[in-house]
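*Asks:* Please find one structure pasted underneath; my questions will follow.
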Amino acid sequence: MISFNDKTARNFAICCLLVLKLLILVVHLTLQIEEVSQNSEQILEEEGDDLEFDSNDLEIEGDDPGIEDNDLGIENNHLELEDKNLENEGHDLPEGNDLEDNCEQLFDIEYHVLENNRDDATVEDVRNGDFLGKDYPPPFVGMEFESYDDAYNYYNCYAKDLGFAIRVKSSWTKRNSKEKRGAVLCCNCEGFKTSKEVHSRRKETRTGCLAMLRLRLVESNRWRVDEVKLEHNHLFDPERAQNSKSHKKMDAGAKRKVEPTVDVEVRTIKLYRTAAVDPLGYGSTNSYEGESSQHVDRSKRLKLKKGDAQIIHNYFCQVQLTNPNFFYLMDLNDEGFLRNVFWIHYRSRAAYGYFSDVVIFDTTCLLNKYEIPLFAFVGVNQHGQSILLGCGLLVDETFETYIWLFRAWLTCMLGRPPQTIITDQCKAMQSAIAEVFPRAHHRFCLSRVAHKILDNLGTLQDYEGFQRTLNVTIHDSLKVDEFEMAWEDMIQRFGIADNEWLRTCYEDRERWVPVYSKDTSFAGISTFLKDESTQFFNGYVNQQTTLKEFFDMNELVLQKKYQKEALDDFESRNSSPILRTGSFYELQLSRVYTNEIFRRFQDEVVMMSSCFGITQVHASGPLVTYVIKERQGEENSRDIKNFEVMYDKRGAEVRCLCSCFNFKGYLCRHALCILNYNEVEEIPPLYILARWRKDLKRFYVPDSGSNNVDIANPVQWFDHLYRRAMQVVEEGMISQDRYMVAWQAFKESLNKVRLVAEKHL
């Protein structure tokens with residue numbers, strides 16, 4: 001029998017006790033590993049493809065790739081610590097009760113840490129589980145994917161989230177090739193049984209559902225969504241959908257490898273997803289303070305200072321509290337850093353419904369390297385004032401960046417492109433506009449092109465003479481051949497035929513020289529092209545303005561613009577401008593146009609006195625061509641210039657060679673003289689644009705473009721009722737009498753709705 005009074009025996013017994021406790025610890029760890037493994041297998045079986053999005057969350061947030069690996073890693077670390085402790089014990093073994101106390105303390109510490117890690121793992125699992133299956137937004141027209149498989153996988157994931165299955169209804173390939181060019185993906189309940197299947201004993205599962213997604217391969221070799229129908233005519237059945245071929249195939253792929261699918265989803269869908277902004281303000285969703293960014297390509301992320309991203313986030317949150325229709329998008333790079341931001345107010349979206357004919361894409365801040373890379377979509381309202389149609393921040397001026405922006409803006413505007421878009425001279429932007437707005441008239445800002453020409457030829461000996469000649473060549477050419485001859489004379493006279501920049505501008509002449517754009521409607525914006533007044537933030541933003549300063553004053557600038565517009569509306573409706581002539585044309589439009597636009601038109605009426613000598617030069621049935629002379633220049637040295645005007649007697653249509661109506665939005669003095677010559681007493685309605693009218697009724701709620709409402713879709717109920725209610729609000733704000741009528745109507749409507757609800761109780 002062993003005596004514990006012996007020192008050696010005591011130490012041996014204590015070592016045995018230590019080994020026994022360690023064995024107990026190992027057994028406990030083994031049980032934990034098996035438990036976690038079983039839970040993980042259960043998650044795989046129950047959640048299926050939800051693991052795809054789980055992995056997406058983990059990738060974006062920078063978490064560990066999985067719970068099992070995390071637990072094992074922690075446990076292995078503790079086992080390593082135990083080995084080290086054993087080694088230390090071998091070198092310096094305590095005696096007696098000290099060793100026993102240390103062993104018990106070691107066991108208590110290890111068990112406590114294990115329990116804490118187990119709790120942490122559970123919390124992490126719940127946190128990630130909250131987001132499973134909730135990150136696939138509904139498809140919409142304009143969405144793009146890198147490949148057909150990416151598009152199919154996205155729609156399949158979206159379908160599984162909702163609880164329905166999909167199949168390929170049809171697809172087509174290129175002639176004499178197996179290359180797929182398009183496809184239609186539909187709900188599994190699409191169609192009905194065929195005549196051959198009517199007597200089949202199989203249960204009828206098809207309901208004639210029309211939900212579908214039409215895809216097409218575009219020139220950029222990407223797959224674009226051309227048509228979408230989201231409404232289903234049946235209830236969702238997640239259990240039955242789970243057993244469908246499309247979802248089983250997806251589950252198998254998810255179990256093999258999740259990350260590539262997630263990466264594709266992030267790269268393609270993120271263009272239309274708003275992202276969380278980091279609290280540190282560097283524009284990353286996965287950065288931490290003190291984190292090294294030396295491996296991150298800063299050229300692919302928005303240049304933000306510390307705290308700037310938080311400023312953006314705070315502004316968006318603040319505006320959304322008071323403006324539920326405020327809309328914004330964020331574009332992230334593959335590392336999760338912020339690249340581009342776009343936002344638009346509800347008034348801007350509503351205004352676009354009235355003034356979508358001409359839009360200026362202003363990149364002054366990008367062009368002049370301002371502190372903030374600000375851009376703005378700008379239009380012109382009924383008073384000839386610039387209005388904001390959306391703005392944001394861009395990381396660079398590449399084709400990919402502009403593609404993202406223009407698609408985002410077009411989506412926000414319900415897929416309705418502008419008739420004319422005016423931009424700076426930029427090849428990447430030009431290509432992007434051709435891709436996204438193929439039917440729009442794309443023109444360059446005339447003043448910017450002229451300034452660039454003058455800057456590049458600033459060293460000419462006769463610089464002032466060249467400046468005058470360039471101005472005459474651009475603005476005084478009434479016909480294309482006149483411009484061509486004047487341009488050739490100019491480059492020969494000043495010896496600048498070899499200037500590369502001038503040659504580039506000449507190649508693009510159809511996009512900026514007025515004589516080539518006479519059939520393009522500019523709705524008065526052409527009057528702004530000689531100065532910088534098209535900049536919406538002109539006078540508020542300069543090269544040193546910081547992001548914080550911009551957002552601090554942004555709402556104040558908008559409110560000031562809104563107040564100016566409201567004041568001009570009031571003055572136009574409640575005042576009569578002073579007439580300067582006895583022309584009935586002047587009296588007619590003084591009752592129709594807003595004050596500012598009428599004053600511009602009034603100048604044309606006054607200038608009718610400088611026109612004389614109307615001569616008919618050609619006639620073909622009702623179509624007659626006239627030439628009218630006009631005195632131009634100073635009083636003592638007036639030049640006489642001829643203008644050709646065509647007049648159609650059938651419809652009282654008139655068109656002058658100067659194209660004032662297309663450029664400015666109202667008839668010129670030459671056309672007015674021809675109407676008067678043909679005894680036309682009033683300006684035909686064709687030449688009175690609704691966009692200039694003082695009685696224009698504008699509603700500051702975006703129009704969906706359709707009155708068709710899906711009675712089975714509660715979201716459409718809200719949108720439709722909200723728009724109609726806001727129209728009543730806008731009308732009710734005009735006067736006190738209208739306010740009382742609107743208020744009474746609201747009360748009566750509310751009582752009727754409540755009565756309907758009480759009948760169903």
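All residue names refer to the structure tokens as shown: chains lettered A, B, ... in order, residues numbered from 1 in each chain, ligands numbered from 1 in order.
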Need to verify the contact set: range 229-241 of chain A, 10 Å, only C-alpha atoms, exclusion of same-chain residues closer than 4 positions in sequence. Can you return it as a PyMOL selection string?

*Replies:* chain A and resi 138-141+159-166+186-190+206-214+245-248+710+712-713

*Asks:* When distances are computed from only C-alpha atoms, which of A:Leu338, A:Met429, A:Leu696, A:Leu446 shows the smallest separation from Thr363 in chain A?

*Replies:*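 Closest candidate: A:Met429.
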
*Asks:* Determine the nearest neighbour of Gln543 in chain A from the options A:Thr364, A:Gly458, A:Arg443, A:Gly651, counting only C-alpha atoms.

*Replies:*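 Closest to Gln543 in chain A of all the choices is A:Thr364.
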
*Asks:* Among range 513-643 of chain A, which residues carry a DSSP assignment of helix (DSSP H, G or I), reported as number ranges by chain?

*Replies:* A: 514-516, 525-528, 547-574, 584-590, 595-610

*Asks:* What's the separation between CA of Ser735 in chain A and CA of Gln559 in chain A, in Å to one decimal place?

*Replies:* 21.2 Å

*Asks:* Please determine, counting only C-alpha atoms, which residue among A:Arg301, A:Lys752, A:Arg167, A:Lys694 has the shortest atom-to-atom distance to Glu565 in chain A.

*Replies:* A:Lys694

*Asks:* Using backbone DSSP assignments, extract all strand (DSSP E or B) residues from range 525-614 of chain A; output them as a list of chain:residue names.

*Replies:*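 DSSP on the backbone gives strand (DSSP E or B) at A:Tyr593, A:Cys611, A:Phe612, A:Gly613, A:Ile614.
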
*Asks:* Have a look at CA of Asp462 in chain A and CA of Phe483 in chain A and let me know their distance in Å, one decimal.

*Replies:* 21.3 Å

*Asks:* Write out as a tab-separated table a residue-level contact list of range 494-545 of chain A versus range 464-479 of chain A with cut-off 8 Å: for each qualifying residue the closest pair of atoms and the distance in Å to one decimal, counting only C-alpha atoms, rows sorted by chain and residue number upward.

*Replies:*
```
residue	atom	partner	partner_atom	distance
A:Phe494	CA	A:Phe466	CA	7.4
A:Val513	CA	A:Ile474	CA	6.2
A:Pro514	CA	A:His475	CA	7.1
A:Val515	CA	A:Leu478	CA	6.1
```

*Asks:* Leaving out range 146-152 of chain A and any residue of its chain fewer than 2 positions from it, which residues lie within 6 Å of it when counting only C-alpha atoms, given as a list in words?

*Replies:*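 Everything that qualifies: Tyr154, Tyr155, Arg222 and Trp223 of chain A.
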
*Asks:* What gap, in Å, lies between CA of Ser572 in chain A and CA of Asn595 in chain A?

*Replies:* 5.4 Å
